[in-house]
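Source file: final.tsv. Holds: TSV, C-alpha atoms and all ligand atoms.
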chain	number	residue	atom	x	y	z
A	1	MET	CA	-5.08	-191.65	-149.11
A	2	ILE	CA	-7.22	-193.05	-146.30
A	3	ASN	CA	-7.76	-196.69	-146.58
A	4	ILE	CA	-11.44	-197.16	-145.79
A	5	ASN	CA	-11.60	-200.49	-144.16
A	6	LYS	CA	-14.01	-201.76	-141.51
A	7	LYS	CA	-11.88	-200.44	-138.65
A	8	ASN	CA	-11.90	-196.90	-140.06
A	9	ILE	CA	-15.67	-196.96	-140.52
A	10	TYR	CA	-16.12	-198.02	-136.87
A	11	ASN	CA	-13.85	-195.16	-135.80
A	12	ILE	CA	-15.80	-192.64	-137.84
A	13	ILE	CA	-19.10	-193.88	-136.40
A	14	LEU	CA	-17.66	-193.77	-132.90
A	15	ILE	CA	-16.32	-190.21	-133.27
A	16	THR	CA	-19.60	-189.02	-134.81
A	17	ALA	CA	-21.56	-190.61	-131.98
A	18	LEU	CA	-19.37	-188.90	-129.40
A	19	PHE	CA	-19.87	-185.53	-131.09
A	20	VAL	CA	-23.63	-185.99	-131.14
A	21	PHE	CA	-23.63	-187.15	-127.52
A	22	PHE	CA	-21.58	-184.31	-126.04
A	23	GLY	CA	-23.08	-181.79	-128.44
A	24	SER	CA	-26.58	-182.55	-127.23
A	25	ILE	CA	-25.49	-182.36	-123.58
A	26	ILE	CA	-24.13	-178.86	-124.22
A	27	PHE	CA	-27.22	-177.92	-126.24
A	28	PHE	CA	-29.76	-179.11	-123.66
A	29	LYS	CA	-27.76	-177.71	-120.77
A	30	LYS	CA	-27.79	-174.31	-122.42
A	31	ARG	CA	-31.49	-174.56	-123.17
A	32	ASP	CA	-32.36	-175.65	-119.62
A	33	ASN	CA	-30.39	-172.82	-118.11
A	34	TYR	CA	-33.51	-170.65	-118.00
A	35	LYS	CA	-35.17	-173.14	-115.67
A	36	ASP	CA	-32.06	-174.00	-113.67
A	37	GLN	CA	-32.43	-170.93	-111.52
A	38	ASN	CA	-35.45	-172.36	-109.80
A	39	LEU	CA	-33.34	-174.46	-107.51
A	40	LEU	CA	-33.95	-171.99	-104.71
A	41	GLU	CA	-37.68	-171.64	-104.63
A	42	TYR	CA	-40.03	-170.78	-101.83
A	43	LYS	CA	-42.37	-173.72	-101.44
A	44	GLY	CA	-44.69	-172.39	-98.79
A	45	SER	CA	-44.76	-171.83	-95.05
A	46	LEU	CA	-41.59	-171.95	-92.94
A	47	ILE	CA	-42.49	-173.00	-89.39
A	48	ASN	CA	-39.80	-174.32	-87.05
A	49	GLN	CA	-40.04	-176.85	-84.21
A	50	GLU	CA	-41.05	-174.16	-81.72
A	51	LYS	CA	-43.96	-173.39	-84.05
A	52	LYS	CA	-42.49	-170.02	-85.01
A	53	HIS	CA	-42.53	-168.58	-88.51
A	54	VAL	CA	-38.89	-168.14	-89.51
A	55	LEU	CA	-37.18	-166.07	-92.18
A	56	ALA	CA	-36.57	-167.67	-95.55
A	57	LYS	CA	-32.87	-167.75	-96.32
A	58	LEU	CA	-32.10	-165.00	-98.78
A	59	PRO	CA	-31.33	-166.83	-102.05
A	60	TYR	CA	-28.42	-164.47	-102.89
A	61	SER	CA	-26.06	-162.08	-101.12
A	62	TYR	CA	-27.05	-158.56	-100.06
A	63	ASP	CA	-25.05	-157.00	-102.89
A	64	ALA	CA	-26.16	-159.49	-105.57
A	65	LEU	CA	-28.83	-157.22	-107.06
A	66	GLU	CA	-26.50	-154.22	-107.41
A	67	PRO	CA	-26.60	-151.76	-109.07
A	68	TYR	CA	-30.41	-151.95	-109.28
A	69	ILE	CA	-30.97	-152.60	-105.58
A	70	ASP	CA	-28.14	-151.54	-103.30
A	71	ALA	CA	-26.60	-153.79	-100.67
A	72	GLU	CA	-27.40	-151.49	-97.76
A	73	THR	CA	-31.10	-151.43	-98.63
A	74	MET	CA	-31.16	-155.22	-99.07
A	75	LYS	CA	-29.46	-155.77	-95.73
A	76	ILE	CA	-31.75	-153.46	-93.74
A	77	HIS	CA	-34.80	-154.70	-95.62
A	78	TYR	CA	-34.00	-158.34	-94.90
A	79	THR	CA	-32.47	-158.20	-91.40
A	80	LYS	CA	-34.64	-155.45	-89.87
A	81	HIS	CA	-37.95	-155.06	-91.67
A	82	TYR	CA	-38.51	-158.71	-92.61
A	83	GLN	CA	-37.46	-159.82	-89.12
A	84	ALA	CA	-39.84	-157.33	-87.52
A	85	TYR	CA	-42.74	-158.72	-89.57
A	86	ALA	CA	-41.92	-162.29	-88.54
A	87	ASP	CA	-41.56	-161.26	-84.87
A	88	GLY	CA	-44.86	-159.36	-84.92
A	89	LEU	CA	-46.64	-162.34	-86.47
A	90	ASN	CA	-45.20	-164.81	-83.94
A	91	LYS	CA	-46.11	-162.51	-81.06
A	92	ALA	CA	-49.70	-162.23	-82.26
A	93	LEU	CA	-50.00	-166.01	-82.56
A	94	GLU	CA	-48.72	-166.58	-79.02
A	95	LYS	CA	-52.24	-165.94	-77.79
A	96	HIS	CA	-53.72	-168.64	-80.01
A	97	GLU	CA	-52.07	-172.04	-79.78
A	98	GLU	CA	-54.55	-173.52	-82.27
A	99	LEU	CA	-53.32	-171.22	-85.03
A	100	LYS	CA	-49.59	-171.78	-84.58
A	101	GLU	CA	-49.33	-174.58	-87.09
A	102	LYS	CA	-51.37	-172.87	-89.78
A	103	SER	CA	-49.35	-171.85	-92.81
A	104	ILE	CA	-48.88	-168.15	-93.41
A	105	GLU	CA	-50.80	-168.56	-96.67
A	106	TRP	CA	-53.76	-170.05	-94.79
A	107	LEU	CA	-53.73	-167.26	-92.19
A	108	ILE	CA	-53.69	-164.55	-94.84
A	109	GLU	CA	-56.37	-166.24	-96.93
A	110	ASN	CA	-58.62	-166.61	-93.88
A	111	LEU	CA	-58.27	-163.29	-92.09
A	112	ASP	CA	-62.02	-163.12	-91.56
A	113	LYS	CA	-61.96	-166.43	-89.66
A	114	LEU	CA	-59.29	-165.26	-87.21
A	115	PRO	CA	-60.08	-164.11	-83.67
A	116	GLU	CA	-60.68	-160.39	-83.67
A	117	ASP	CA	-57.94	-159.62	-81.14
A	118	ILE	CA	-55.19	-160.71	-83.55
A	119	ARG	CA	-56.75	-160.10	-86.96
A	120	THR	CA	-55.15	-156.72	-87.59
A	121	ASP	CA	-51.73	-157.88	-86.38
A	122	VAL	CA	-51.82	-160.94	-88.64
A	123	GLU	CA	-52.95	-158.77	-91.53
A	124	ASN	CA	-50.07	-156.32	-91.03
A	125	PHE	CA	-47.20	-158.40	-89.64
A	126	GLY	CA	-48.25	-161.68	-91.27
A	127	GLY	CA	-48.88	-159.88	-94.55
A	128	GLY	CA	-45.47	-158.22	-94.33
A	129	TYR	CA	-43.84	-161.54	-93.52
A	130	LEU	CA	-45.48	-163.33	-96.47
A	131	ASN	CA	-45.02	-160.46	-98.93
A	132	HIS	CA	-41.30	-160.27	-98.26
A	133	THR	CA	-40.76	-164.02	-98.34
A	134	LEU	CA	-42.38	-164.06	-101.79
A	135	PHE	CA	-40.51	-160.93	-102.88
A	136	TRP	CA	-36.96	-162.27	-102.24
A	137	PHE	CA	-37.56	-165.25	-104.50
A	138	MET	CA	-39.19	-163.14	-107.20
A	139	MET	CA	-35.80	-161.52	-107.78
A	140	SER	CA	-32.53	-162.96	-109.05
A	141	PRO	CA	-29.05	-161.65	-109.86
A	142	ASN	CA	-29.20	-163.64	-113.12
A	143	SER	CA	-32.40	-162.19	-114.49
A	144	TYR	CA	-33.46	-163.06	-118.02
A	145	LYS	CA	-35.03	-159.60	-118.42
A	146	SER	CA	-38.21	-160.95	-119.98
A	147	PRO	CA	-40.50	-163.95	-119.53
A	148	LYS	CA	-40.59	-167.01	-121.77
A	149	GLY	CA	-42.91	-169.96	-122.29
A	150	GLU	CA	-46.41	-170.09	-120.80
A	151	LEU	CA	-46.01	-166.84	-118.91
A	152	LYS	CA	-44.96	-164.95	-122.02
A	153	LYS	CA	-48.06	-166.33	-123.77
A	154	GLY	CA	-50.28	-165.36	-120.83
A	155	ILE	CA	-48.90	-161.83	-120.64
A	156	GLU	CA	-49.35	-161.33	-124.37
A	157	LYS	CA	-52.88	-162.69	-124.16
A	158	TYR	CA	-54.02	-160.33	-121.40
A	159	PHE	CA	-51.80	-157.29	-121.97
A	160	LYS	CA	-51.07	-157.51	-125.72
A	161	SER	CA	-47.31	-157.22	-125.26
A	162	PHE	CA	-44.63	-157.44	-122.56
A	163	GLU	CA	-43.92	-153.71	-122.97
A	164	ASN	CA	-47.58	-152.91	-122.50
A	165	PHE	CA	-47.72	-155.09	-119.42
A	166	LYS	CA	-44.67	-153.38	-117.94
A	167	ASN	CA	-46.17	-149.95	-118.51
A	168	SER	CA	-49.43	-150.91	-116.79
A	169	PHE	CA	-47.54	-152.49	-113.91
A	170	ASN	CA	-45.33	-149.40	-113.54
A	171	GLU	CA	-48.45	-147.26	-113.47
A	172	ALA	CA	-50.05	-149.41	-110.75
A	173	ALA	CA	-46.84	-149.30	-108.69
A	174	LYS	CA	-46.46	-145.56	-109.14
A	175	LYS	CA	-50.07	-144.95	-108.11
A	176	VAL	CA	-49.83	-146.64	-104.71
A	177	PHE	CA	-50.50	-143.78	-102.33
A	178	GLY	CA	-48.07	-144.01	-99.43
A	179	SER	CA	-46.94	-147.57	-98.72
A	180	GLY	CA	-47.98	-150.69	-100.55
A	181	TRP	CA	-47.31	-153.17	-103.32
A	182	ALA	CA	-48.04	-153.70	-107.01
A	183	TRP	CA	-48.89	-157.21	-108.13
A	184	LEU	CA	-49.44	-159.38	-111.14
A	185	CYS	CA	-52.08	-161.87	-110.04
A	186	LEU	CA	-54.44	-164.54	-111.21
A	187	ASP	CA	-58.06	-163.64	-110.50
A	188	LYS	CA	-60.92	-166.05	-109.76
A	189	GLU	CA	-61.39	-166.73	-113.48
A	190	LYS	CA	-57.67	-167.49	-113.85
A	191	LYS	CA	-57.07	-164.34	-115.81
A	192	LEU	CA	-53.88	-162.34	-115.33
A	193	VAL	CA	-54.57	-158.96	-113.76
A	194	ILE	CA	-52.52	-156.14	-112.25
A	195	ILE	CA	-53.60	-154.82	-108.87
A	196	ASN	CA	-52.08	-152.80	-106.09
A	197	THR	CA	-52.52	-153.23	-102.36
A	198	LYS	CA	-52.03	-150.85	-99.45
A	199	ASP	CA	-49.72	-151.36	-96.49
A	200	GLN	CA	-48.83	-155.06	-96.22
A	201	ASP	CA	-52.06	-156.46	-97.63
A	202	ASN	CA	-51.49	-159.57	-99.71
A	203	PRO	CA	-53.63	-160.47	-102.77
A	204	LEU	CA	-54.55	-163.83	-101.18
A	205	SER	CA	-56.84	-161.97	-98.75
A	206	LYS	CA	-58.76	-160.61	-101.74
A	207	ASN	CA	-59.11	-163.86	-103.66
A	208	TYR	CA	-56.22	-163.23	-106.03
A	209	ILE	CA	-53.18	-165.46	-106.38
A	210	PRO	CA	-49.97	-163.38	-106.44
A	211	ILE	CA	-47.54	-164.19	-109.29
A	212	LEU	CA	-45.22	-161.19	-109.19
A	213	GLY	CA	-45.02	-158.45	-106.58
A	214	LEU	CA	-43.13	-155.23	-106.10
A	215	ASP	CA	-42.57	-153.56	-102.75
A	216	VAL	CA	-43.03	-149.81	-103.13
A	217	TRP	CA	-42.66	-148.91	-99.47
A	218	GLU	CA	-40.04	-146.17	-99.17
A	219	HIS	CA	-37.83	-148.51	-97.12
A	220	ALA	CA	-37.41	-150.61	-100.28
A	221	TYR	CA	-35.73	-147.86	-102.29
A	222	TYR	CA	-35.17	-144.60	-100.42
A	223	ILE	CA	-31.41	-144.93	-99.73
A	224	LYS	CA	-30.59	-145.19	-103.43
A	225	TYR	CA	-33.54	-143.56	-105.18
A	226	GLN	CA	-34.86	-141.09	-102.58
A	227	ASN	CA	-38.25	-139.79	-103.80
A	228	LYS	CA	-37.78	-141.15	-107.34
A	229	ARG	CA	-40.00	-144.19	-107.04
A	230	LEU	CA	-40.41	-144.59	-110.78
A	231	ASP	CA	-36.62	-144.89	-111.25
A	232	TYR	CA	-36.62	-147.72	-108.70
A	233	ILE	CA	-39.56	-149.44	-110.42
A	234	LYS	CA	-37.85	-149.26	-113.81
A	235	ALA	CA	-34.54	-150.53	-112.42
A	236	TRP	CA	-36.26	-153.42	-110.64
A	237	TRP	CA	-37.29	-155.03	-113.96
A	238	ASN	CA	-33.61	-155.95	-114.36
A	239	VAL	CA	-33.73	-158.36	-111.45
A	240	VAL	CA	-37.05	-160.16	-111.92
A	241	ASN	CA	-36.67	-163.94	-111.63
A	242	TRP	CA	-38.82	-164.90	-114.64
A	243	PRO	CA	-38.43	-168.70	-114.53
A	244	HIS	CA	-39.69	-168.64	-110.93
A	245	ILE	CA	-42.56	-166.30	-111.86
A	246	GLU	CA	-43.51	-168.67	-114.67
A	247	ASN	CA	-43.57	-171.57	-112.20
A	248	LEU	CA	-45.83	-169.60	-109.87
A	249	TYR	CA	-48.09	-168.86	-112.83
A	250	ILE	CA	-48.33	-172.49	-113.89
A	251	GLU	CA	-48.94	-173.61	-110.28
A	252	ALA	CA	-51.65	-170.98	-109.85
A	253	LEU	CA	-53.32	-172.03	-113.11
A	254	THR	CA	-53.60	-175.62	-111.94
A	255	LYS	CA	-54.67	-174.75	-108.38
A	256	SER	CA	-58.37	-175.45	-107.86
A	301	MN3	MN	-40.50	-154.03	-97.61
Could the structure of this file be written out as structure tokens, please?
Ligand code: MN3
Amino acid sequence: MININKKNIYNIILITALFVFFGSIIFFKKRDNYKDQNLLEYKGSLINQEKKHVLAKLPYSYDALEPYIDAETMKIHYTKHYQAYADGLNKALEKHEELKEKSIEWLIENLDKLPEDIRTDVENFGGGYLNHTLFWFMMSPNSYKSPKGELKKGIEKYFKSFENFKNSFNEAAKKVFGSGWAWLCLDKEKKLVIINTKDQDNPLSKNYIPILGLDVWEHAYYIKYQNKRLDYIKAWWNVVNWPHIENLYIEALTKS
């Protein structure tokens, strides 16, 4: 029989306290896991010392999104297409020293204020550069498959259910004629809306704040999916970085 003296009681209290302590660390760590993935987030414009817009470092390896997005596509998409957009943007800005330190977001939001001789190049190359920078971070190899928290509430408020939202988004992505993007955005009234854009147009130019975007240019999927765009769209849902998308949503909601 255990002799319950003072020393034993202290031991029991100590052991219980340790259990509670380590138990809560494990519990909170597990709970925070959803948010932990945001460590690699795009926080706006990447301009180097030579005043050039540089590529964002890809936050995962080329094969990380397999089998949904194949490594070859990722590599060409990142090293060739993305690079070409950055190069085209930097080349256009060479003619206008005063615009070199403007963030890519500012340039895209203010296309109508740009000198006419570079407006189209900034729209196309700058748009492509910004769209892809956003796109890489909107995906993750450790996707949670569906949103949580504020974003889940927002989606259910404006689209009734996550399934419903996905169907509408798929439809918008499927409907892009030729090359373009599908987006979940915040409109001027801070409502969530789905839009699509042609070529490399970014929602910022049209007074929308992009929250989630999908590249439906053929270069984004043709190697693996050929002409089956809808198969690519459906597979892509498996790699959406929802905690990051939720952060973008909350940031956009509080932006004046
Ligand atoms: Mn692309």
*Place a sphere of radius 10 Å on (-37.4, -156.8, -113.9) in the file coordinates and name every protein, DNA or RNA residue with an atom inside or on its surface, counting all atoms listed in the file; give the answer as an MDAnalysis selection string.*
chainID A and resid 68 138:140 143:147 166 214 233:242
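Minimum atom-to-atom distances from A:Ala64, A:Val216, A:Leu184, A:Leu134 to ligand MN3 301 (chain A) were compared using all atoms listed in the file, and the lowest value belongs to A:Val216.
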Interface rows for chain A against ligand MN3 301 (chain A): nearest pair, Å to one decimal, 9 Å, only C-alpha atoms and all ligand atoms, as CSV:
residue,atom,partner,partner_atom,distance
A:His77,CA,A:MN3_301,MN,6.1
A:Tyr78,CA,A:MN3_301,MN,8.3
A:His81,CA,A:MN3_301,MN,6.5
A:Tyr82,CA,A:MN3_301,MN,7.1
A:Gly128,CA,A:MN3_301,MN,7.3
A:Asn131,CA,A:MN3_301,MN,8.0
A:His132,CA,A:MN3_301,MN,6.3
A:Phe135,CA,A:MN3_301,MN,8.7
A:Gly180,CA,A:MN3_301,MN,8.7
A:Trp181,CA,A:MN3_301,MN,8.9
A:Gln200,CA,A:MN3_301,MN,8.5
A:Leu214,CA,A:MN3_301,MN,9.0
A:Asp215,CA,A:MN3_301,MN,5.6
A:Val216,CA,A:MN3_301,MN,7.4
A:Trp217,CA,A:MN3_301,MN,5.9
A:Glu218,CA,A:MN3_301,MN,8.0
A:His219,CA,A:MN3_301,MN,6.2
A:Ala220,CA,A:MN3_301,MN,5.3
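Around Phe177 of chain A, within 12 Å and counting only C-alpha atoms, the residues found are Glu171, Ala172, Ala182, Asn196, Thr197, Lys198, Asp199, Val216, Trp217, Glu218 and Arg229 of chain A, once anything fewer than 5 positions away on its own chain is removed.
With atom CA of Ile195 of chain A on one side and atom CA of Pro59 of chain A on the other, the separation reads 26.2 Å.
Across the structure, atom CA of Leu230 of chain A and atom CA of Asn170 of chain A are spaced 7.4 Å apart.
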_Using Å and a single decimal, report how far atom CA of Asp121 of chain A sits from atom CA of Ile194 of chain A._
25.9 Å
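Of the residues listed (A:Lys7, A:Lys255, A:Lys206, A:Lys153), A:Lys206 shows the shortest atom-to-atom separation from Ile108 of chain A; distances use only C-alpha atoms.
Between Asp87 of chain A and the residues A:Ser179, A:Asn124, A:Asn227, A:Asn164, the shortest atom-to-atom distance, using all atoms listed in the file, involves A:Asn124.
Between Asn202 of chain A and the candidates A:Met74, A:Ile104, A:Ala252, A:Leu114, the tightest atom-to-atom separation, counting all atoms listed in the file, involves A:Ile104.
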*asked:* Measuring between all atoms listed in the file, which one of A:Leu89, A:Ile76, A:Tyr62, A:Leu130 shows the shortest distance to Glu109 of chain A?
replied: A:Leu130
*asked:* Please list as a VMD selection string every residue within 12 Å of segment 154-160 of chain A, counting all atoms listed in the file and excluding residues in the same chain fewer than 6 positions away.
replied: chain A and resid 146 to 148 166 to 169 184 to 186 190 to 194 211 245 to 246 249 to 250 253
Can you tell me, as AutoDock Vina command-line options, the centre and edge lengths (Å, one decimal) of the axis-aligned box enclosing all of segment 178-184 of chain A's listed atoms after padding each side by 3 Å?
--center_x -48.2 --center_y -151.7 --center_z -104.9 --size_x 8.5 --size_y 21.4 --size_z 18.4
_Nearest residue to Glu94 of chain A out of A:Glu50, A:Thr79, A:Thr120, A:Asn142, using all atoms listed in the file?_
A:Glu50
